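Asks: Please find one structure pasted underneath; my questions will follow.
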Amino acid sequence: MASRCDLLVICVLSLLVALTHSKTLKRDVKALNEIKASLGWRVVYSWVGDDPCGDGDLPPWSGVTCSTQGDYRVVTELEVYAVSIVGPFPIAVTNLLDLTRLDLHNNKLTGPIPPQIGRLKRLKVLYVPCALILFDSVFLFLNLRWNKLQDVIPPEIGELKRLTHLYLSFNSFKGEIPKELAALPELRYLYLQENRLIGRIPAELGTLQNLRHLDAGNNHLVGTIRELIRFDGSFPSLRNLYLNNNYLSGGIPAQLSNLTSLEIVYLSYNKFIGNIPFAIAHIPKLTFLYLDHNQFTGRIPDAFYKHPFLKEMYIEGNMFKQGVNPIGTHKVLEVSDADFAV
């Protein structure tokens, strides 16, 4: 009888033979070759041969990961970043229906995100930071930061039900934030900062049970915090709320203290008014509170200065009464991607 070790070796060899002799699905071969031909990416110098999953002695194309499904190989990951890709988002990518990870960050993609992005139902990671577009159906990440993408955010992104990370920051998106993003049940991190978004932040986002980080700073958004959290039980998991550098108005409602997971609240450079509610000081893990450059008045309750976790509270540029003091030293708050790793 063959030993377990022998059986394992046989299984591994059989798998390698299957991978060697499996053919890549024609749909994926056609899509990758269309991308290669249309964009002239700098990475294509290493894209040798016609089969992106490798053919004979030729290895898979750089940045392309394939897996075997039955008798065929399919493309499951595409990572082509920081190679100065210029031009519109390649629609052929949306034909890679088994894609689980898409990383195109740090490029120079322009134009809109095509609505066909909703076809990528298996996308888990859509990673397009620094000019990169990433969508999730099987996607977990969608990262399109630091590009030059324009037009509106397509509501079809709401069809990427497995998406956990959505990075659309540092582009030129305009229009309103689509309420369809509230249909992403697994979404944890939503980055929309540094665009040209207008209108109100959809209160429906508060129904996202897993959302930990919401950054809508540096846009042209209006509305009030009271509107944003008007639903009972809004944002149950939210830790970081960035609304800075917009045109938000009204006061800070005491109901904000119901968001008991909050750690960072960044409200700088808006048009907020009124007193700071005492209840906010009872958010258990509140660590950073940025109130500067608004139109707040009155005094800040002593409870803020006794808070066990509050490290920084910026208050300059308001109309507080004399004697109100900040907490900590005013500096730019920067949070790295590593702080939000899965």
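Chain labels A, B, ... are given in the sequence in which chains occur in the structure tokens; within each chain residues are numbered consecutively from 1, and ligands are likewise numbered from 1 in the order shown.
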Can you list, as number ranges by chain, every protein, DNA or RNA residue that comes within 10 Å of Tyr247 of chain A when you count only C-alpha atoms, leaving out same-chain residues fewer than 3 positions away?

Replies: A: 198-200, 218-224, 243-244, 269-272

Asks: Write the residues you've just listed into a file as a PDB file, in the first residue's frame, and include C-alpha atoms for each of them.

Replies:
ATOM      1  CA  ILE A 198     -21.862  67.740  -3.469  1.00  0.00           C
ATOM      2  CA  GLY A 199     -25.161  67.365  -1.651  1.00  0.00           C
ATOM      3  CA  ARG A 200     -25.808  65.528   1.580  1.00  0.00           C
ATOM      4  CA  ASN A 218     -12.385  67.872   1.449  1.00  0.00           C
ATOM      5  CA  ASN A 219     -15.474  67.902  -0.743  1.00  0.00           C
ATOM      6  CA  HIS A 220     -18.380  70.318  -1.202  1.00  0.00           C
ATOM      7  CA  LEU A 221     -20.896  68.533   1.006  1.00  0.00           C
ATOM      8  CA  VAL A 222     -23.730  70.241   2.865  1.00  0.00           C
ATOM      9  CA  GLY A 223     -26.256  69.229   5.494  1.00  0.00           C
ATOM     10  CA  THR A 224     -26.114  68.515   9.216  1.00  0.00           C
ATOM     11  CA  LEU A 243     -16.205  65.322   7.689  1.00  0.00           C
ATOM     12  CA  ASN A 244     -13.604  68.089   7.582  1.00  0.00           C
ATOM     13  CA  TYR A 269     -13.266  73.749   8.547  1.00  0.00           C
ATOM     14  CA  ASN A 270     -17.044  73.633   8.259  1.00  0.00           C
ATOM     15  CA  LYS A 271     -19.854  75.959   9.321  1.00  0.00           C
ATOM     16  CA  PHE A 272     -20.920  74.273  12.538  1.00  0.00           C
TER      17      PHE A 272
END

Asks: Using the chain letters and numbers from this document, which residues of segment 49-188 of chain A does DSSP assign to helix (DSSP H, G or I), as a ChimeraX atom specification?

Replies: /A:91-95,115-119,155-159,179-183

Asks: May I have the residues from that selection written out with N, CA, C and O atoms, as an mmCIF file, in the first residue's frame?

Replies:
data_model
loop_
_atom_site.group_PDB
_atom_site.id
_atom_site.type_symbol
_atom_site.label_atom_id
_atom_site.label_comp_id
_atom_site.auth_asym_id
_atom_site.auth_seq_id
_atom_site.Cartn_x
_atom_site.Cartn_y
_atom_site.Cartn_z
ATOM 1 N N ILE A 91 -12.584 49.093 -19.932
ATOM 2 C CA ILE A 91 -13.853 48.391 -19.767
ATOM 3 C C ILE A 91 -13.667 46.877 -19.875
ATOM 4 O O ILE A 91 -14.420 46.105 -19.272
ATOM 5 N N ALA A 92 -12.645 46.442 -20.615
ATOM 6 C CA ALA A 92 -12.416 45.003 -20.767
ATOM 7 C C ALA A 92 -12.186 44.311 -19.428
ATOM 8 O O ALA A 92 -12.433 43.108 -19.298
ATOM 9 N N VAL A 93 -11.744 45.066 -18.426
ATOM 10 C CA VAL A 93 -11.555 44.481 -17.099
ATOM 11 C C VAL A 93 -12.870 43.897 -16.580
ATOM 12 O O VAL A 93 -12.881 42.886 -15.874
ATOM 13 N N THR A 94 -13.977 44.518 -16.942
ATOM 14 C CA THR A 94 -15.273 44.060 -16.437
ATOM 15 C C THR A 94 -15.728 42.754 -17.074
ATOM 16 O O THR A 94 -16.775 42.218 -16.713
ATOM 17 N N ASN A 95 -14.947 42.235 -18.018
ATOM 18 C CA ASN A 95 -15.229 40.910 -18.584
ATOM 19 C C ASN A 95 -14.516 39.797 -17.827
ATOM 20 O O ASN A 95 -14.729 38.617 -18.132
ATOM 21 N N PRO A 115 -20.273 51.698 -15.601
ATOM 22 C CA PRO A 115 -21.311 50.991 -14.827
ATOM 23 C C PRO A 115 -21.182 49.483 -14.898
ATOM 24 O O PRO A 115 -21.693 48.774 -14.025
ATOM 25 N N GLN A 116 -20.459 48.994 -15.906
ATOM 26 C CA GLN A 116 -20.269 47.541 -16.029
ATOM 27 C C GLN A 116 -19.488 46.966 -14.854
ATOM 28 O O GLN A 116 -19.388 45.745 -14.707
ATOM 29 N N ILE A 117 -18.944 47.841 -14.000
ATOM 30 C CA ILE A 117 -18.199 47.363 -12.843
ATOM 31 C C ILE A 117 -19.053 46.449 -11.974
ATOM 32 O O ILE A 117 -18.561 45.567 -11.283
ATOM 33 N N GLY A 118 -20.356 46.656 -12.048
ATOM 34 C CA GLY A 118 -21.272 45.830 -11.274
ATOM 35 C C GLY A 118 -21.314 44.381 -11.686
ATOM 36 O O GLY A 118 -21.915 43.550 -10.994
ATOM 37 N N ARG A 119 -20.673 44.044 -12.807
ATOM 38 C CA ARG A 119 -20.648 42.654 -13.279
ATOM 39 C C ARG A 119 -19.687 41.792 -12.470
ATOM 40 O O ARG A 119 -19.792 40.563 -12.482
ATOM 41 N N PRO A 155 -23.666 54.112 -9.271
ATOM 42 C CA PRO A 155 -24.449 53.382 -8.260
ATOM 43 C C PRO A 155 -24.284 51.878 -8.360
ATOM 44 O O PRO A 155 -24.556 51.157 -7.392
ATOM 45 N N GLU A 156 -23.787 51.393 -9.511
ATOM 46 C CA GLU A 156 -23.592 49.950 -9.680
ATOM 47 C C GLU A 156 -22.584 49.382 -8.699
ATOM 48 O O GLU A 156 -22.551 48.154 -8.488
ATOM 49 N N ILE A 157 -21.756 50.238 -8.088
ATOM 50 C CA ILE A 157 -20.832 49.725 -7.069
ATOM 51 C C ILE A 157 -21.623 49.075 -5.942
ATOM 52 O O ILE A 157 -21.142 48.162 -5.268
ATOM 53 N N GLY A 158 -22.847 49.506 -5.752
ATOM 54 C CA GLY A 158 -23.699 48.904 -4.729
ATOM 55 C C GLY A 158 -24.034 47.449 -4.982
ATOM 56 O O GLY A 158 -24.595 46.780 -4.106
ATOM 57 N N GLU A 159 -23.698 46.936 -6.174
ATOM 58 C CA GLU A 159 -23.939 45.527 -6.493
ATOM 59 C C GLU A 159 -22.783 44.624 -6.069
ATOM 60 O O GLU A 159 -22.861 43.406 -6.188
ATOM 61 N N LYS A 179 -26.661 56.646 -2.649
ATOM 62 C CA LYS A 179 -27.187 55.931 -1.489
ATOM 63 C C LYS A 179 -27.079 54.420 -1.674
ATOM 64 O O LYS A 179 -27.193 53.659 -0.701
ATOM 65 N N GLU A 180 -26.831 53.983 -2.908
ATOM 66 C CA GLU A 180 -26.664 52.551 -3.160
ATOM 67 C C GLU A 180 -25.472 51.962 -2.421
ATOM 68 O O GLU A 180 -25.393 50.736 -2.249
ATOM 69 N N LEU A 181 -24.541 52.800 -1.982
ATOM 70 C CA LEU A 181 -23.407 52.282 -1.209
ATOM 71 C C LEU A 181 -23.882 51.665 0.107
ATOM 72 O O LEU A 181 -23.176 50.854 0.706
ATOM 73 N N ALA A 182 -25.077 52.047 0.537
ATOM 74 C CA ALA A 182 -25.639 51.469 1.761
ATOM 75 C C ALA A 182 -26.074 50.023 1.557
ATOM 76 O O ALA A 182 -26.458 49.353 2.527
ATOM 77 N N ALA A 183 -26.003 49.529 0.313
ATOM 78 C CA ALA A 183 -26.376 48.143 0.012
ATOM 79 C C ALA A 183 -25.175 47.210 0.063
ATOM 80 O O ALA A 183 -25.256 46.076 -0.413
#

Asks: For segment 31-39 of chain A, please output as JSON, numbers by chain all residues within 8 Å (counting only C-alpha atoms; exclusion window: fewer than 5 positions along the same chain).

Replies: {"A": [44, 50, 52, 85, 86, 87, 90, 92, 93, 95, 96]}

Asks: Keeping only N, CA, C and O atoms, write the selected residues to a file as a PDB file, in the first residue's frame.

Replies:
ATOM      1  N   VAL A  44       3.482  45.970 -19.973  1.00  0.00           N
ATOM      2  CA  VAL A  44       3.299  44.954 -21.009  1.00  0.00           C
ATOM      3  C   VAL A  44       4.604  44.441 -21.577  1.00  0.00           C
ATOM      4  O   VAL A  44       4.600  43.443 -22.293  1.00  0.00           O
ATOM      5  N   ASP A  50       0.508  35.040 -25.725  1.00  0.00           N
ATOM      6  CA  ASP A  50      -0.910  35.391 -25.857  1.00  0.00           C
ATOM      7  C   ASP A  50      -1.749  34.978 -24.656  1.00  0.00           C
ATOM      8  O   ASP A  50      -2.864  35.460 -24.495  1.00  0.00           O
ATOM      9  N   PRO A  52      -2.416  35.019 -20.777  1.00  0.00           N
ATOM     10  CA  PRO A  52      -2.009  35.719 -19.549  1.00  0.00           C
ATOM     11  C   PRO A  52      -1.708  34.798 -18.382  1.00  0.00           C
ATOM     12  O   PRO A  52      -1.018  35.198 -17.439  1.00  0.00           O
ATOM     13  N   ILE A  85      -0.102  54.213 -15.925  1.00  0.00           N
ATOM     14  CA  ILE A  85      -1.121  53.897 -16.929  1.00  0.00           C
ATOM     15  C   ILE A  85      -1.918  55.166 -17.208  1.00  0.00           C
ATOM     16  O   ILE A  85      -2.394  55.834 -16.304  1.00  0.00           O
ATOM     17  N   VAL A  86      -2.055  55.511 -18.461  1.00  0.00           N
ATOM     18  CA  VAL A  86      -2.757  56.731 -18.863  1.00  0.00           C
ATOM     19  C   VAL A  86      -3.977  56.353 -19.687  1.00  0.00           C
ATOM     20  O   VAL A  86      -3.912  55.456 -20.527  1.00  0.00           O
ATOM     21  N   GLY A  87      -5.073  57.025 -19.426  1.00  0.00           N
ATOM     22  CA  GLY A  87      -6.257  56.798 -20.233  1.00  0.00           C
ATOM     23  C   GLY A  87      -7.448  56.398 -19.394  1.00  0.00           C
ATOM     24  O   GLY A  87      -7.386  56.365 -18.162  1.00  0.00           O
ATOM     25  N   PRO A  90     -10.150  50.746 -18.230  1.00  0.00           N
ATOM     26  CA  PRO A  90     -10.349  49.762 -19.310  1.00  0.00           C
ATOM     27  C   PRO A  90     -11.597  48.919 -19.092  1.00  0.00           C
ATOM     28  O   PRO A  90     -11.655  48.091 -18.182  1.00  0.00           O
ATOM     29  N   ALA A  92     -12.645  46.442 -20.615  1.00  0.00           N
ATOM     30  CA  ALA A  92     -12.416  45.003 -20.767  1.00  0.00           C
ATOM     31  C   ALA A  92     -12.186  44.311 -19.428  1.00  0.00           C
ATOM     32  O   ALA A  92     -12.433  43.108 -19.298  1.00  0.00           O
ATOM     33  N   VAL A  93     -11.744  45.066 -18.426  1.00  0.00           N
ATOM     34  CA  VAL A  93     -11.555  44.481 -17.099  1.00  0.00           C
ATOM     35  C   VAL A  93     -12.870  43.897 -16.580  1.00  0.00           C
ATOM     36  O   VAL A  93     -12.881  42.886 -15.874  1.00  0.00           O
ATOM     37  N   ASN A  95     -14.947  42.235 -18.018  1.00  0.00           N
ATOM     38  CA  ASN A  95     -15.229  40.910 -18.584  1.00  0.00           C
ATOM     39  C   ASN A  95     -14.516  39.797 -17.827  1.00  0.00           C
ATOM     40  O   ASN A  95     -14.729  38.617 -18.132  1.00  0.00           O
ATOM     41  N   LEU A  96     -13.665  40.162 -16.875  1.00  0.00           N
ATOM     42  CA  LEU A  96     -12.968  39.165 -16.066  1.00  0.00           C
ATOM     43  C   LEU A  96     -13.876  38.790 -14.893  1.00  0.00           C
ATOM     44  O   LEU A  96     -13.683  39.224 -13.751  1.00  0.00           O
TER      45      LEU A  96
END

Asks: Would you list the contacts of Leu286 of chain A as a ChimeraX atom specification, taking every protein, DNA or RNA residue within 8 Å and counting only C-alpha atoms, but skipping same-chain residues closer than 5 positions in sequence?

Replies: /A:262-265,281,309-310

Asks: So how far away is atom CA of Pro185 of chain A from atom CA of Leu205 of chain A, in Å?

Replies: 10.2 Å

Asks: I'd like to know which of A:Arg101, A:Asp28, A:Phe304, A:Gly56 is closest to Val74 of chain A, using only C-alpha atoms.

Replies: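 Once distances to Val74 of chain A are computed over only C-alpha atoms, the minimum belongs to A:Asp28.
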
Asks: One number please: atom CA of Phe278 of chain A to atom CA of Tyr290 of chain A, in Å, one decimal.

Replies: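 Spanning atom CA of Phe278 of chain A to atom CA of Tyr290 of chain A is a straight-line distance of 15.7 Å.
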
Asks: Based on DSSP run over this structure's backbone, return all residues of segment 89-249 of chain A in strand (DSSP E), as a ChimeraX atom specification.

Replies: /A:101-103,108-111,125-127,141-143,148-149,165-167,174-175,189-191,196-200,213-215,220-222,240-242,249
